[in-house]
Structure formats: structure tokens, C-alpha cells
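Peer 1: Below you'll find the structure I mean.
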Number of protein chains: 2
Amino acid sequence: MTVVLYDNPVSGNCYKVRLLLSLLGIDFRRVEMSVVDRSGREDVLGGVSPSLNVPAVILEDGRPLGESNAILWHFAEGTDYLPADRYRRSQVLQWMFFEQYKHEPAIAVLRFWLAIAELDKDEREIEERRAAGYAALDAMEQRLSIEPYLVGEELTIADISLFAYTHVAGEAGFELDRYPGIEAWLARVSAIPGFVPISN
Amino acid sequence: MTVVLYDNPVSGNCYKVRLLLSLLGIDFRRVEMSVVDRSGREDVLGGVSPSLNVPAVILEDGRPLGESNAILWHFAEGTDYLPADRYRRSQVLQWMFFEQYKHEPAIAVLRFWLAIAELDKDEREIEERRAAGYAALDAMEQRLSIEPYLVGEELTIADISLFAYTHVAGEAGFELDRYPGIEAWLARVSAIPGFVPISN
């Protein structure tokens with residue numbers, strides 16, 4: 001059975017999964033869901049993902065899985081995108097939990113408010129997310145100013161996870177040219193064989 | 001070398017790690033950090049965890065690791081608290097990412113605002129977190145009303161992760177008696193041999 005991806009074309013969380021599946025050469029069928037109108041989510045995703053968020057997938061064997069970074073881990077296991085070494089695997093998870101707790105709620109949410117749903121939020125809320133987003137970028141820069149990838153010497157799913165919303169952070173008004181390490185890393189990830197853009 | 005845990009006694013994220021290490025019989029030394037006054041975090045945790053959050057650990061071999069759920073995964077690997085089956089492992093991660101994205105930012109943050117730091121937040125912000133918290137509890141109840149644990153038939157680190165802030169959700173004003181499945185599961189987790197309370 002072909003993998004089914006509950007997907008949205010502008011969601012960075014969904015893009016992570018499309019990028020990894022493309023790199024791995026795994027076929028998938030996309031079912032598009034709105035990220036602005038969430039009505040009907042329960043009907044479609046009720047038995048698929050506890051959060052009712054996209055992305056969610058139906059695996060080749062018909063079993064469901066939710067949460068973008070759990071999906072990345074599932075497909076990356078046993079491939080070059082997830083190291084075998086125990087400590088490196090833990091570091092991959094460290095960066096992916098950092099992504100969902102510190103990076104996505106700041107940068108992705110601000111992009112959603114300002115560039116996608118165009119919601120009317122008050123200035124204080126915007127500034128809180130702005131500061132949190134820059135703190136997340138600062139933490140990435142510390143690592144990427146001295147190493148080519150987030151964990152070890154090779155690209156892992158930690159990079160795929162954090163690439164997704166970092167490379168579109170400009171849409172939320174973040175100035176990436178403050179971060180030479182991040183900019184070089186973005187170029188490095190975009191150049192890997194099999195790379196596909198978010199708009200694909 | 002003894003594991004060092006950068007810790008806070010009221011943080012559920014820190015408690016997750018203390019609970020698992022206690023269950024596994026792994027000795028650790030606690031270094032207490034404030035969760036209200038974050039000044040000095042960079043000096044202590046700068047090279048330890050990208051997020052500068054607690055918990056963070058220094059492993060037996062001197063290497064650092066951050067993010068509560070990554071730390072759980074690291075220590076649980078190869079033990080009964082993390083299944084060997086690939087799909088179940090992915091489900092454990094699904095629930096742990098759900099915890100950090102949907103559950104913790106609602107329930108733990110509301111507990112922090114209302115019961116720990118006693119911050120002055122406006123009613124709309126409180127009600128947003130309240131609704132998000134109940135949605136997270138609804139998702140847990142769907143599973144726990146029909147199964148004893150979140151993944152499979154045995155307790156895993158997904159349960160430890162979600163137990164931490166669920167069992168103190170009452171401190172944030174959540175009414176857990178709406179959820180018989182969750183209440184039975186809380187009792188089940190509290191009864192496992194080696195269990196330690198958050199106040200330990």
C-alpha cells in the first residue's frame with residue numbers, strides 16, 4: 001500500500017515529511033487539509049493522530065502515525081539520516097524536541113499569524129514570539145557557526161526538522177542575514193541530492 | 001562518574017527524569033536551578049542544552065544532553081520502558097512530541113502562571129491555554145478509556161512523560177474527575193514498584 005500523507009502545502013511540519021520521503025525515494029499520496037479552517041479535522045484525523053494536526057500518515061501496512069518528528073524518526077530508522085550511535089541519536093531527539101518546543105511555536109506560529117492566516121494579534125504577543133524566535137536562532141547559530149550540521153558531520157533528520165521553518169523564517173520577518181552559520185547550513189541542506197523545495 | 005541532573009523540584013519536566021532514573025536505579029546528583037529567575041542560565045547551561053531549559057544532564061561519560069524527552073529516551077533505550085518494536089517506538093515518540101507541543105504548553109504553562117510564578121496574565125490568554133489543555137486531556141482519555149497505557153500493554157516513557165504534568169493538572173485548575181480513564185491510569189502509574197512522587 002502507498003503511504004498516505006495528510007498534508008498541507010505551506011506547512012513546514014508537512015514539508016519535513018515530504019522532504020525526507022523524497023530523499024528516501026518513498027512514494028506517497030497527499031491528502032490536502034486546510035491549516036486555517038480546522039473544521040472536519042476530527043472526522044478525518046480522529047483515529048490517525050491524537051493532536052489532530054497535520055502531518056499525519058497512514059503507513060504502508062495501514063497503521064497510523066502522527067507528529068512530524070515522530071514520522072521523520074519512523075522513516076529514517078535504519079537509513080543514513082539517523083545515526084546508529086546512541087549518543088548521537090539522543091542528540092537528534094534533543095534538537096527535534098527543541099524544534100517543537102522553542103523554534104516552531106515562535107517562528108512557525110509568527111509566520112502563520114503574519115503571512116498565512118493574517119490574524120490580528122496584539123503587538124505584545126508578536127514581540128514575545130519574535131524574541132523567542134531569535135533566541136532559537138541564536139542557539140542554532142552557536143552550533144552551526146562551528147559545525148556543518150546539527151549532529152555530527154552528516155545531515156540527519158534533526159537538520160530536516162529545523163530546516164523546514166528556518167528557511168522560511170524571512171516570511172515571518174526574521175532577519176537571517178544576522179546568522180552566517182545558519183545561512184551556510186541552509187545552502188548546504190538545499191544542495192543535497194534529491195532535495196525538493198517546500199513549494200513542490 | 002555520577003549523572004548530574006540540572007533540576008528543579010516543582011518542574012514536571014525535571015520530575016520525568018527523576019522518576020525514570022529512580023525506576024532504573026541509576027544514581028544521580030541534583031543541581032537545583034530556579035524556574036522563575038532565569039538569570040545565569042547561560043553561564044551554567046550554555047554548553048549543556050541549546051534551549052537552556054531544565055532538565056539537562058551530564059551523562060556518566062561527561063557528555064551533556066538537554067530536553068526532558070530526549071533524556072528519557074536516552075536512559076530508557078534497552079530497558080523495559082522503551083519497546084523494541086519499531087512501530088511502538090514511533091508511537092512512544094508520537095505521544096512525547098504531543099506532550100511537548102500540545103500538553104505541556106497548555107497545562108504546565110497554566111500551572112506555572114497560576115500556581116508557581118503567580119503571574120498576572122489576561123483572561124483571554126488563560127482561557128486559550130485552558131481550552132488547549134482540555135483538548136490534550138480529551139485526546140489522552142480517548143486512548144486511556146480503552147487501554148491501560150498509552151502505547152501497548154506496558155508502561156513506557158510515553159506514560160512517564162505525560163504523567164508528569166497530568167498528575168498535577170489540578171494545581172492549574174483542571175478537573176481531572178471528568179476523565180475516568182486518565183484517573184485510573186494515574187493510579188496505575190503511581191502504583192508501579194520504584195515510583196517516587198514529584199516532591200521526593
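Within each chain, counting starts at residue 1; across the C-alpha cells, chains are named A, B, ... in the order shown, with ligands numbered 1 upward in that order.
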Output, as a compact mmCIF listing (two decimals) with C-alpha atoms, in the first residue's frame, the coordinates of chain A following least-squares superposition onto chain B across all in-order C-alpha pairs.
Peer 2:
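For reference, part.txt as written:
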```txt
# COMPACT_ATOMS: atom_id res chain seq x y z
CA MET A 1 31.05 9.43 37.09
CA THR A 2 27.63 10.06 38.64
CA VAL A 3 24.95 11.50 36.35
CA VAL A 4 24.38 15.22 37.06
CA LEU A 5 20.80 16.46 36.73
CA TYR A 6 20.14 20.19 36.38
CA ASP A 7 16.89 20.13 38.21
CA ASN A 8 14.02 22.00 39.75
CA PRO A 9 11.81 20.41 42.40
CA VAL A 10 8.44 21.70 41.10
CA SER A 11 9.14 21.24 37.38
CA GLY A 12 7.27 18.31 35.86
CA ASN A 13 9.83 18.15 33.07
CA CYS A 14 12.55 17.55 35.67
CA TYR A 15 10.36 15.13 37.58
CA LYS A 16 10.06 12.91 34.48
CA VAL A 17 13.79 12.36 34.57
CA ARG A 18 13.95 11.79 38.34
CA LEU A 19 11.12 9.26 38.07
CA LEU A 20 12.75 7.26 35.26
CA LEU A 21 16.22 7.30 36.86
CA SER A 22 14.66 6.12 40.13
CA LEU A 23 12.79 3.30 38.37
CA LEU A 24 16.04 2.27 36.68
CA GLY A 25 18.08 2.52 39.90
CA ILE A 26 20.53 4.99 38.35
CA ASP A 27 22.23 7.31 40.86
CA PHE A 28 22.26 11.00 40.10
CA ARG A 29 23.29 14.27 41.71
CA ARG A 30 20.82 17.15 41.59
CA VAL A 31 21.89 20.74 40.86
CA GLU A 32 18.92 22.98 41.58
CA MET A 33 18.06 25.81 39.18
CA SER A 34 15.27 28.37 39.54
CA VAL A 35 12.43 28.24 37.02
CA VAL A 36 11.30 31.76 37.91
CA ASP A 37 14.63 33.65 37.83
CA ARG A 38 16.38 32.58 34.62
CA SER A 39 19.39 34.91 35.05
CA GLY A 40 22.63 32.96 35.00
CA ARG A 41 21.17 30.15 32.84
CA GLU A 42 23.63 30.85 30.02
CA ASP A 43 26.61 30.57 32.40
CA VAL A 44 25.51 27.20 33.78
CA LEU A 45 23.71 25.56 30.84
CA GLY A 46 25.37 27.30 27.86
CA GLY A 47 27.34 24.25 26.75
CA VAL A 48 24.81 21.75 28.08
CA SER A 49 21.46 22.33 26.35
CA PRO A 50 20.57 24.52 23.33
CA SER A 51 17.29 25.61 24.97
CA LEU A 52 18.94 26.48 28.32
CA ASN A 53 15.98 24.70 29.92
CA VAL A 54 15.93 22.28 32.82
CA PRO A 55 16.15 19.38 32.94
CA ALA A 56 19.54 18.90 31.36
CA VAL A 57 22.02 16.20 32.28
CA ILE A 58 25.70 15.43 32.25
CA LEU A 59 25.91 11.73 31.39
CA GLU A 60 28.22 9.21 33.08
CA ASP A 61 30.86 9.84 30.39
CA GLY A 62 30.76 13.63 30.85
CA ARG A 63 28.75 14.43 27.72
CA PRO A 64 25.75 16.79 27.99
CA LEU A 65 22.14 16.26 26.89
CA GLY A 66 19.11 18.54 27.01
CA GLU A 67 15.32 18.24 26.56
CA SER A 68 13.39 16.10 29.01
CA ASN A 69 12.00 13.63 26.50
CA ALA A 70 15.35 13.14 24.75
CA ILE A 71 16.84 12.38 28.17
CA LEU A 72 14.07 9.85 28.87
CA TRP A 73 14.75 8.17 25.53
CA HIS A 74 18.50 8.05 26.19
CA PHE A 75 18.19 6.28 29.53
CA ALA A 76 15.24 4.06 28.54
CA GLU A 77 16.95 2.60 25.45
CA GLY A 78 17.46 -1.12 26.00
CA THR A 79 15.17 -1.24 29.07
CA ASP A 80 11.55 -2.31 29.58
CA TYR A 81 10.42 1.32 29.40
CA LEU A 82 11.07 1.58 25.65
CA PRO A 83 9.71 -1.20 23.38
CA ALA A 84 11.93 -2.88 20.78
CA ASP A 85 9.18 -2.93 18.13
CA ARG A 86 9.65 -0.20 15.52
CA TYR A 87 6.04 0.94 15.30
CA ARG A 88 5.64 1.06 19.07
CA ARG A 89 8.82 3.12 19.37
CA SER A 90 7.38 5.57 16.83
CA GLN A 91 4.17 5.73 18.85
CA VAL A 92 6.16 6.47 22.01
CA LEU A 93 7.71 9.41 20.16
CA GLN A 94 4.32 10.48 18.81
CA TRP A 95 2.99 10.80 22.36
CA MET A 96 6.15 12.53 23.62
CA PHE A 97 5.99 15.13 20.82
CA PHE A 98 2.28 15.54 21.56
CA GLU A 99 3.31 16.13 25.19
CA GLN A 100 5.75 18.92 24.34
CA TYR A 101 3.58 20.58 21.69
CA LYS A 102 -0.01 20.20 22.89
CA HIS A 103 0.01 19.26 26.58
CA GLU A 104 2.93 20.98 28.29
CA PRO A 105 2.42 24.46 26.74
CA ALA A 106 -1.18 24.37 27.96
CA ILE A 107 -1.22 22.53 31.29
CA ALA A 108 2.32 23.11 32.57
CA VAL A 109 2.36 26.74 31.47
CA LEU A 110 -1.01 27.41 33.10
CA ARG A 111 0.21 25.75 36.32
CA PHE A 112 3.32 27.93 36.16
CA TRP A 113 1.30 31.11 35.66
CA LEU A 114 -1.37 30.37 38.28
CA ALA A 115 0.31 28.23 40.95
CA ILE A 116 4.09 28.77 40.75
CA ALA A 117 5.18 32.17 39.44
CA GLU A 118 1.72 33.67 40.11
CA LEU A 119 1.96 35.89 37.04
CA ASP A 120 -0.65 38.42 36.09
CA LYS A 121 -1.99 37.20 32.75
CA ASP A 122 -5.10 38.37 31.01
CA GLU A 123 -8.20 36.25 30.96
CA ARG A 124 -8.08 35.56 27.21
CA GLU A 125 -4.60 34.03 27.45
CA ILE A 126 -5.70 31.88 30.38
CA GLU A 127 -8.79 30.70 28.55
CA GLU A 128 -6.80 29.80 25.42
CA ARG A 129 -4.48 27.59 27.49
CA ARG A 130 -7.46 26.16 29.39
CA ALA A 131 -9.16 25.07 26.15
CA ALA A 132 -5.90 23.66 24.75
CA GLY A 133 -5.28 21.75 27.98
CA TYR A 134 -8.72 20.16 27.93
CA ALA A 135 -8.24 19.21 24.26
CA ALA A 136 -4.99 17.45 25.23
CA LEU A 137 -6.72 15.64 28.10
CA ASP A 138 -9.56 14.64 25.75
CA ALA A 139 -7.01 13.05 23.39
CA MET A 140 -5.41 11.11 26.25
CA GLU A 141 -8.81 9.97 27.55
CA GLN A 142 -9.73 8.55 24.12
CA ARG A 143 -6.79 6.18 24.42
CA LEU A 144 -6.81 5.57 28.18
CA SER A 145 -10.52 4.80 28.35
CA ILE A 146 -9.80 1.65 26.33
CA GLU A 147 -6.16 0.76 27.04
CA PRO A 148 -4.14 0.62 30.29
CA TYR A 149 -1.16 2.60 28.94
CA LEU A 150 -0.53 5.00 26.06
CA VAL A 151 1.44 2.53 23.91
CA GLY A 152 0.83 -1.20 24.10
CA GLU A 153 0.08 -3.10 27.28
CA GLU A 154 3.04 -1.96 29.37
CA LEU A 155 4.24 1.30 30.86
CA THR A 156 6.68 3.18 28.60
CA ILE A 157 8.43 6.55 28.75
CA ALA A 158 5.40 7.98 26.93
CA ASP A 159 3.44 7.37 30.15
CA ILE A 160 6.22 8.81 32.32
CA SER A 161 6.36 11.88 30.09
CA LEU A 162 2.63 12.55 30.18
CA PHE A 163 2.18 11.56 33.83
CA ALA A 164 4.43 14.41 34.98
CA TYR A 165 2.12 17.34 34.30
CA THR A 166 -1.17 15.43 34.12
CA HIS A 167 -1.00 14.34 37.76
CA VAL A 168 -0.58 17.97 38.90
CA ALA A 169 -3.09 19.43 36.41
CA GLY A 170 -5.44 20.11 39.33
CA GLU A 171 -2.97 22.78 40.53
CA ALA A 172 -3.74 24.63 37.29
CA GLY A 173 -7.49 24.25 37.85
CA PHE A 174 -8.17 21.33 35.51
CA GLU A 175 -10.93 19.00 36.68
CA LEU A 176 -9.50 15.52 36.26
CA ASP A 177 -12.63 13.83 37.59
CA ARG A 178 -14.13 14.40 34.13
CA TYR A 179 -11.70 11.73 32.91
CA PRO A 180 -12.15 8.26 34.43
CA GLY A 181 -9.63 6.69 32.02
CA ILE A 182 -6.95 9.20 32.96
CA GLU A 183 -7.68 8.84 36.67
CA ALA A 184 -7.32 5.05 36.51
CA TRP A 185 -4.07 5.44 34.56
CA LEU A 186 -2.69 7.93 37.10
CA ALA A 187 -3.39 5.40 39.85
CA ARG A 188 -1.78 2.63 37.78
CA VAL A 189 1.42 4.64 37.19
CA SER A 190 1.62 5.72 40.84
CA ALA A 191 1.47 2.06 41.92
CA ILE A 192 4.44 0.78 39.91
CA PRO A 193 7.34 -0.56 42.01
CA GLY A 194 10.01 2.10 42.50
CA PHE A 195 7.62 5.02 41.90
CA VAL A 196 8.69 8.29 43.55
CA PRO A 197 6.47 11.37 43.94
CA ILE A 198 7.32 14.78 42.45
CA SER A 199 8.04 16.10 45.95
CA ASN A 200 10.72 13.49 46.58
```
Peer 1: Mind listing the strand (DSSP E or B) residues of range 18-200 of chain B, per DSSP on the backbone, as a PDB file with C-alpha atoms, in the first residue's frame?
Peer 2:
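The resulting states33.pdb:
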```
ATOM      1  CA  PHE B  28      22.265  10.996  40.107  1.00  0.00           C
ATOM      2  CA  ARG B  29      23.294  14.258  41.704  1.00  0.00           C
ATOM      3  CA  ARG B  30      20.837  17.159  41.605  1.00  0.00           C
ATOM      4  CA  VAL B  31      21.885  20.748  40.865  1.00  0.00           C
ATOM      5  CA  GLU B  32      18.928  22.993  41.581  1.00  0.00           C
ATOM      6  CA  ALA B  56      19.527  18.895  31.347  1.00  0.00           C
ATOM      7  CA  VAL B  57      22.019  16.203  32.270  1.00  0.00           C
ATOM      8  CA  ILE B  58      25.694  15.421  32.243  1.00  0.00           C
ATOM      9  CA  PRO B  64      25.737  16.791  28.004  1.00  0.00           C
ATOM     10  CA  LEU B  65      22.141  16.258  26.893  1.00  0.00           C
ATOM     11  CA  GLY B  66      19.109  18.539  27.016  1.00  0.00           C
TER      12      GLY B  66
END
```
